[in-house]
file model14.pdb (PDB, C-alpha atoms, pLDDT in the B column)
ATOM      1  CA  ASP A   1      45.703   1.427  15.051  1.00 86.00           C
ATOM      2  CA  VAL A   2      42.020   1.522  15.818  1.00 88.00           C
ATOM      3  CA  GLN A   3      40.302  -1.699  14.854  1.00 94.00           C
ATOM      4  CA  LEU A   4      37.008  -3.465  15.304  1.00 96.00           C
ATOM      5  CA  GLN A   5      36.916  -7.204  15.084  1.00 96.00           C
ATOM      6  CA  ALA A   6      33.570  -8.906  14.555  1.00 96.00           C
ATOM      7  CA  SER A   7      33.162 -12.620  15.092  1.00 97.00           C
ATOM      8  CA  GLY A   8      30.668 -15.271  16.098  1.00 98.00           C
ATOM      9  CA  GLY A   9      28.724 -15.837  12.925  1.00 97.00           C
ATOM     10  CA  GLY A  10      27.829 -19.261  11.627  1.00 98.00           C
ATOM     11  CA  LEU A  11      25.163 -21.590  10.338  1.00 98.00           C
ATOM     12  CA  VAL A  12      22.225 -22.283  12.613  1.00 98.00           C
ATOM     13  CA  GLN A  13      18.754 -23.730  12.260  1.00 98.00           C
ATOM     14  CA  ALA A  14      15.696 -21.559  12.637  1.00 98.00           C
ATOM     15  CA  GLY A  15      14.934 -21.075  16.299  1.00 98.00           C
ATOM     16  CA  GLY A  16      18.580 -21.352  17.258  1.00 98.00           C
ATOM     17  CA  SER A  17      20.924 -18.808  18.812  1.00 98.00           C
ATOM     18  CA  LEU A  18      24.216 -17.132  18.060  1.00 98.00           C
ATOM     19  CA  ARG A  19      26.260 -14.560  19.927  1.00 98.00           C
ATOM     20  CA  LEU A  20      28.218 -12.054  17.866  1.00 98.00           C
ATOM     21  CA  SER A  21      31.198 -10.238  19.327  1.00 98.00           C
ATOM     22  CA  CYS A  22      32.631  -6.870  18.334  1.00 97.00           C
ATOM     23  CA  ALA A  23      36.006  -6.357  19.985  1.00 97.00           C
ATOM     24  CA  GLY A  24      37.641  -2.953  20.005  1.00 96.00           C
ATOM     25  CA  PHE A  25      41.389  -2.417  19.704  1.00 96.00           C
ATOM     26  CA  GLY A  26      43.194   0.877  20.116  1.00 95.00           C
ATOM     27  CA  PHE A  27      40.259   2.676  21.708  1.00 94.00           C
ATOM     28  CA  SER A  28      37.792   2.328  24.568  1.00 93.00           C
ATOM     29  CA  ILE A  29      34.264   1.268  23.676  1.00 92.00           C
ATOM     30  CA  ASP A  30      33.073   3.443  26.551  1.00 90.00           C
ATOM     31  CA  ASP A  31      33.952   6.475  24.421  1.00 92.00           C
ATOM     32  CA  TYR A  32      31.977   5.223  21.449  1.00 94.00           C
ATOM     33  CA  ALA A  33      28.511   4.222  20.406  1.00 95.00           C
ATOM     34  CA  ILE A  34      28.639   0.762  18.884  1.00 96.00           C
ATOM     35  CA  ALA A  35      26.093  -0.532  16.411  1.00 96.00           C
ATOM     36  CA  TRP A  36      25.408  -3.747  14.570  1.00 98.00           C
ATOM     37  CA  PHE A  37      24.357  -3.618  10.947  1.00 98.00           C
ATOM     38  CA  ARG A  38      23.498  -6.357   8.505  1.00 98.00           C
ATOM     39  CA  GLN A  39      23.325  -6.721   4.774  1.00 98.00           C
ATOM     40  CA  ALA A  40      21.487  -9.532   3.048  1.00 96.00           C
ATOM     41  CA  PRO A  41      22.129 -10.419  -0.614  1.00 92.00           C
ATOM     42  CA  GLY A  42      20.489  -7.892  -2.893  1.00 94.00           C
ATOM     43  CA  LYS A  43      19.447  -5.672  -0.011  1.00 96.00           C
ATOM     44  CA  GLU A  44      20.783  -2.491   1.522  1.00 96.00           C
ATOM     45  CA  ARG A  45      22.687  -2.437   4.767  1.00 96.00           C
ATOM     46  CA  GLU A  46      20.412  -1.833   7.741  1.00 97.00           C
ATOM     47  CA  VAL A  47      20.868  -1.020  11.397  1.00 96.00           C
ATOM     48  CA  VAL A  48      19.996  -3.924  13.660  1.00 97.00           C
ATOM     49  CA  SER A  49      20.955  -2.698  17.109  1.00 97.00           C
ATOM     50  CA  GLY A  50      23.092  -0.117  18.831  1.00 96.00           C
ATOM     51  CA  ILE A  51      24.369   0.777  22.268  1.00 95.00           C
ATOM     52  CA  SER A  52      25.783   3.857  23.873  1.00 89.00           C
ATOM     53  CA  SER A  53      27.075   2.481  27.126  1.00 69.00           C
ATOM     54  CA  SER A  54      27.802   5.809  28.693  1.00 66.00           C
ATOM     55  CA  PHE A  55      24.246   6.936  28.026  1.00 67.00           C
ATOM     56  CA  GLY A  56      22.686   3.590  28.831  1.00 71.00           C
ATOM     57  CA  ASP A  57      20.799   3.727  25.591  1.00 86.00           C
ATOM     58  CA  THR A  58      20.033   0.795  23.355  1.00 94.00           C
ATOM     59  CA  TYR A  59      18.288   0.586  20.018  1.00 94.00           C
ATOM     60  CA  TYR A  60      16.720  -2.372  18.249  1.00 96.00           C
ATOM     61  CA  LYS A  61      15.242  -2.733  14.825  1.00 96.00           C
ATOM     62  CA  GLU A  62      11.565  -3.557  15.258  1.00 97.00           C
ATOM     63  CA  SER A  63      11.851  -7.021  13.736  1.00 97.00           C
ATOM     64  CA  VAL A  64      14.499  -8.141  16.254  1.00 98.00           C
ATOM     65  CA  LYS A  65      12.980  -6.720  19.418  1.00 98.00           C
ATOM     66  CA  GLY A  66      12.492  -9.421  22.016  1.00 98.00           C
ATOM     67  CA  ARG A  67      14.887 -11.762  20.192  1.00 98.00           C
ATOM     68  CA  PHE A  68      18.191  -9.866  20.102  1.00 98.00           C
ATOM     69  CA  THR A  69      20.027  -8.304  23.027  1.00 98.00           C
ATOM     70  CA  ILE A  70      22.996  -5.973  22.786  1.00 97.00           C
ATOM     71  CA  PHE A  71      25.311  -5.565  25.728  1.00 95.00           C
ATOM     72  CA  SER A  72      28.866  -4.528  26.438  1.00 93.00           C
ATOM     73  CA  ASP A  73      31.731  -5.723  28.590  1.00 94.00           C
ATOM     74  CA  SER A  74      34.054  -2.824  29.274  1.00 93.00           C
ATOM     75  CA  ALA A  75      36.698  -5.060  30.817  1.00 96.00           C
ATOM     76  CA  LYS A  76      36.925  -6.972  27.537  1.00 97.00           C
ATOM     77  CA  ASN A  77      36.321  -3.853  25.432  1.00 97.00           C
ATOM     78  CA  THR A  78      33.732  -5.839  23.545  1.00 97.00           C
ATOM     79  CA  VAL A  79      30.112  -5.383  22.522  1.00 96.00           C
ATOM     80  CA  TYR A  80      27.981  -8.473  22.036  1.00 98.00           C
ATOM     81  CA  LEU A  81      24.809  -9.176  20.114  1.00 98.00           C
ATOM     82  CA  GLN A  82      22.947 -12.139  21.525  1.00 98.00           C
ATOM     83  CA  MET A  83      20.584 -13.429  18.866  1.00 98.00           C
ATOM     84  CA  ASN A  84      17.874 -15.861  19.903  1.00 98.00           C
ATOM     85  CA  SER A  85      14.935 -17.359  18.046  1.00 98.00           C
ATOM     86  CA  LEU A  86      16.730 -16.790  14.773  1.00 98.00           C
ATOM     87  CA  LYS A  87      14.721 -16.739  11.573  1.00 98.00           C
ATOM     88  CA  PRO A  88      15.774 -17.356   7.971  1.00 97.00           C
ATOM     89  CA  GLU A  89      15.203 -13.655   7.294  1.00 97.00           C
ATOM     90  CA  ASP A  90      18.002 -12.870   9.756  1.00 98.00           C
ATOM     91  CA  THR A  91      20.449 -14.358   7.269  1.00 98.00           C
ATOM     92  CA  ALA A  92      22.970 -11.693   6.322  1.00 98.00           C
ATOM     93  CA  VAL A  93      26.509 -10.494   6.763  1.00 98.00           C
ATOM     94  CA  TYR A  94      26.656  -8.698  10.096  1.00 98.00           C
ATOM     95  CA  TYR A  95      28.975  -5.751  10.638  1.00 98.00           C
ATOM     96  CA  CYS A  96      29.778  -3.699  13.700  1.00 97.00           C
ATOM     97  CA  GLY A  97      30.597  -0.019  13.585  1.00 97.00           C
ATOM     98  CA  ALA A  98      31.728   2.576  16.104  1.00 96.00           C
ATOM     99  CA  VAL A  99      31.151   6.311  16.257  1.00 95.00           C
ATOM    100  CA  SER A 100      32.536   8.596  18.936  1.00 93.00           C
ATOM    101  CA  LEU A 101      30.020   9.776  21.508  1.00 91.00           C
ATOM    102  CA  SER A 102      30.986  13.357  20.690  1.00 90.00           C
ATOM    103  CA  ARG A 103      29.867  12.879  17.110  1.00 91.00           C
ATOM    104  CA  GLU A 104      27.053  10.380  17.512  1.00 88.00           C
ATOM    105  CA  ARG A 105      24.210  12.862  17.697  1.00 85.00           C
ATOM    106  CA  SER A 106      25.530  15.410  15.211  1.00 87.00           C
ATOM    107  CA  ARG A 107      26.125  13.133  12.228  1.00 89.00           C
ATOM    108  CA  SER A 108      23.717  13.189   9.340  1.00 86.00           C
ATOM    109  CA  ASN A 109      22.856   9.496   9.248  1.00 90.00           C
ATOM    110  CA  VAL A 110      23.350   6.327  11.285  1.00 89.00           C
ATOM    111  CA  TYR A 111      25.666   4.793   8.697  1.00 92.00           C
ATOM    112  CA  ASP A 112      28.245   7.521   9.253  1.00 93.00           C
ATOM    113  CA  MET A 113      30.549   5.611  11.582  1.00 94.00           C
ATOM    114  CA  ASP A 114      34.152   6.312  12.517  1.00 94.00           C
ATOM    115  CA  HIS A 115      35.260   2.701  12.337  1.00 95.00           C
ATOM    116  CA  TRP A 116      33.948  -0.511  10.815  1.00 96.00           C
ATOM    117  CA  GLY A 117      34.728  -4.122  11.476  1.00 95.00           C
ATOM    118  CA  LYS A 118      34.807  -6.785   8.809  1.00 94.00           C
ATOM    119  CA  GLY A 119      31.577  -8.677   8.466  1.00 95.00           C
ATOM    120  CA  THR A 120      30.660 -12.033   9.893  1.00 98.00           C
ATOM    121  CA  GLN A 121      28.233 -14.279   8.044  1.00 98.00           C
ATOM    122  CA  VAL A 122      25.058 -15.433   9.771  1.00 98.00           C
ATOM    123  CA  THR A 123      23.042 -18.078   7.958  1.00 98.00           C
ATOM    124  CA  VAL A 124      19.761 -19.355   9.357  1.00 98.00           C
ATOM    125  CA  SER A 125      18.335 -22.425   7.701  1.00 97.00           C
ATOM    126  CA  SER A 126      14.632 -23.193   7.690  1.00 94.00           C
TER     127      SER A 126
END
call {"tool": "encode", "arguments": {"input": "model14.pdb", "output": "structure tokens"}}
result
Amino acid sequence: DVQLQASGGGLVQAGGSLRLSCAGFGFSIDDYAIAWFRQAPGKEREVVSGISSSFGDTYYKESVKGRFTIFSDSAKNTVYLQMNSLKPEDTAVYYCGAVSLSRERSRSNVYDMDHWGKGTQVTVSS
């Protein structure tokens, strides 16, 4: 079975750091674009960051640029989101999703992913 497993969330004070992990099982992350999304209470899910390793492309939501870094480890089949200088407004449930590289650029919207991991809660206290 193809699975994504997200982990690494927690409670941290403003200014602190967390590293989220998105581990792939049953497929190679090199064949997929991986993205991190988040959903805060009462708000819609939004794209935070994404990576297409084979293309060397990365994407960051404007509000996280300079604070978050997405990177992959093919040997561990895992994509990470390093989050530094966290702010209370970063509080949300974070999800990772994967879409095949063959479909990444033809889909109608960025939320159309092939696989989703369960969310991991990130809480940033002020």
call {"tool": "resolve_selection", "arguments": {"input": "model14.pdb", "expression": "the PyMOL selection byres ((chain A and resi 18-27) around 8)", "output": "PyMOL selection string"}}
result
chain A and resi 1-10+12+16-17+28-29+31+76-84+96+117
call {"tool": "atom_distance", "arguments": {"input": "model14.pdb", "atom1": "CA of Ser49 (chain A)", "atom2": "CA of Ala14 (chain A)"}}
result
20.1 Å
call {"tool": "residues_around", "arguments": {"input": "model14.pdb", "residues": "Val110 (chain A)", "least_positions_apart": "3", "cutoff": "8 Å", "atoms": "only C-alpha atoms", "output": "count of residues only"}}
result
3
call {"tool": "closest_residue", "arguments": {"input": "model14.pdb", "among": "A:Val64, A:Ala33, A:Leu86, A:Ala40", "to": "Arg103 (chain A)", "atoms": "all atoms listed in the file"}}
result
A:Ala33
call {"tool": "closest_residue", "arguments": {"input": "model14.pdb", "among": "A:Thr58, A:Asn109, A:Ser102, A:Thr91", "to": "Pro41 (chain A)", "atoms": "all atoms listed in the file"}}
result
A:Thr91
call {"tool": "resolve_selection", "arguments": {"input": "model14.pdb", "expression": "the PyMOL selection byres ((chain A and resi 101) around 10)", "output": "list of chain:residue names"}}
result
A:Ile29, A:Asp30, A:Asp31, A:Tyr32, A:Ala33, A:Ile34, A:Ser52, A:Ser53, A:Ser54, A:Phe55, A:Ala98, A:Val99, A:Ser100, A:Ser102, A:Arg103, A:Glu104, A:Arg105, A:Ser106
call {"tool": "build_atoms", "arguments": {"input": "model14.pdb", "residues": "region 109-123 of chain A", "atoms": "N, CA and C atoms", "output": "PDB file, keeping the file's coordinate frame"}}
result
ATOM      1  N   ASN A 109      23.579  10.763   9.351  1.00 90.00           N
ATOM      2  CA  ASN A 109      22.856   9.496   9.248  1.00 90.00           C
ATOM      3  C   ASN A 109      23.565   8.421  10.076  1.00 90.00           C
ATOM      4  N   VAL A 110      22.833   7.352  10.382  1.00 89.00           N
ATOM      5  CA  VAL A 110      23.350   6.327  11.285  1.00 89.00           C
ATOM      6  C   VAL A 110      24.451   5.487  10.666  1.00 89.00           C
ATOM      7  N   TYR A 111      24.636   5.586   9.352  1.00 92.00           N
ATOM      8  CA  TYR A 111      25.666   4.793   8.697  1.00 92.00           C
ATOM      9  C   TYR A 111      27.022   5.507   8.703  1.00 92.00           C
ATOM     10  N   ASP A 112      27.026   6.717   9.182  1.00 93.00           N
ATOM     11  CA  ASP A 112      28.245   7.521   9.253  1.00 93.00           C
ATOM     12  C   ASP A 112      28.991   7.144  10.535  1.00 93.00           C
ATOM     13  N   MET A 113      29.809   6.132  10.445  1.00 94.00           N
ATOM     14  CA  MET A 113      30.549   5.611  11.582  1.00 94.00           C
ATOM     15  C   MET A 113      32.030   5.968  11.433  1.00 94.00           C
ATOM     16  N   ASP A 114      32.720   6.014  12.561  1.00 94.00           N
ATOM     17  CA  ASP A 114      34.152   6.312  12.517  1.00 94.00           C
ATOM     18  C   ASP A 114      34.975   5.086  12.143  1.00 94.00           C
ATOM     19  N   HIS A 115      34.510   3.927  12.582  1.00 95.00           N
ATOM     20  CA  HIS A 115      35.260   2.701  12.337  1.00 95.00           C
ATOM     21  C   HIS A 115      34.293   1.563  12.045  1.00 95.00           C
ATOM     22  N   TRP A 116      34.739   0.661  11.188  1.00 96.00           N
ATOM     23  CA  TRP A 116      33.948  -0.511  10.815  1.00 96.00           C
ATOM     24  C   TRP A 116      34.776  -1.777  11.016  1.00 96.00           C
ATOM     25  N   GLY A 117      34.095  -2.822  11.443  1.00 95.00           N
ATOM     26  CA  GLY A 117      34.728  -4.122  11.476  1.00 95.00           C
ATOM     27  C   GLY A 117      34.380  -4.890  10.215  1.00 95.00           C
ATOM     28  N   LYS A 118      35.138  -5.924   9.923  1.00 94.00           N
ATOM     29  CA  LYS A 118      34.807  -6.785   8.809  1.00 94.00           C
ATOM     30  C   LYS A 118      33.568  -7.601   9.178  1.00 94.00           C
ATOM     31  N   GLY A 119      32.819  -7.985   8.212  1.00 95.00           N
ATOM     32  CA  GLY A 119      31.577  -8.677   8.466  1.00 95.00           C
ATOM     33  C   GLY A 119      31.757 -10.114   8.897  1.00 95.00           C
ATOM     34  N   THR A 120      30.715 -10.625   9.528  1.00 98.00           N
ATOM     35  CA  THR A 120      30.660 -12.033   9.893  1.00 98.00           C
ATOM     36  C   THR A 120      29.335 -12.586   9.386  1.00 98.00           C
ATOM     37  N   GLN A 121      29.408 -13.722   8.712  1.00 98.00           N
ATOM     38  CA  GLN A 121      28.233 -14.279   8.044  1.00 98.00           C
ATOM     39  C   GLN A 121      27.349 -15.022   9.039  1.00 98.00           C
ATOM     40  N   VAL A 122      26.070 -14.705   9.001  1.00 98.00           N
ATOM     41  CA  VAL A 122      25.058 -15.433   9.771  1.00 98.00           C
ATOM     42  C   VAL A 122      24.092 -16.053   8.780  1.00 98.00           C
ATOM     43  N   THR A 123      23.952 -17.363   8.844  1.00 98.00           N
ATOM     44  CA  THR A 123      23.042 -18.078   7.958  1.00 98.00           C
ATOM     45  C   THR A 123      22.080 -18.888   8.809  1.00 98.00           C
TER      46      THR A 123
END
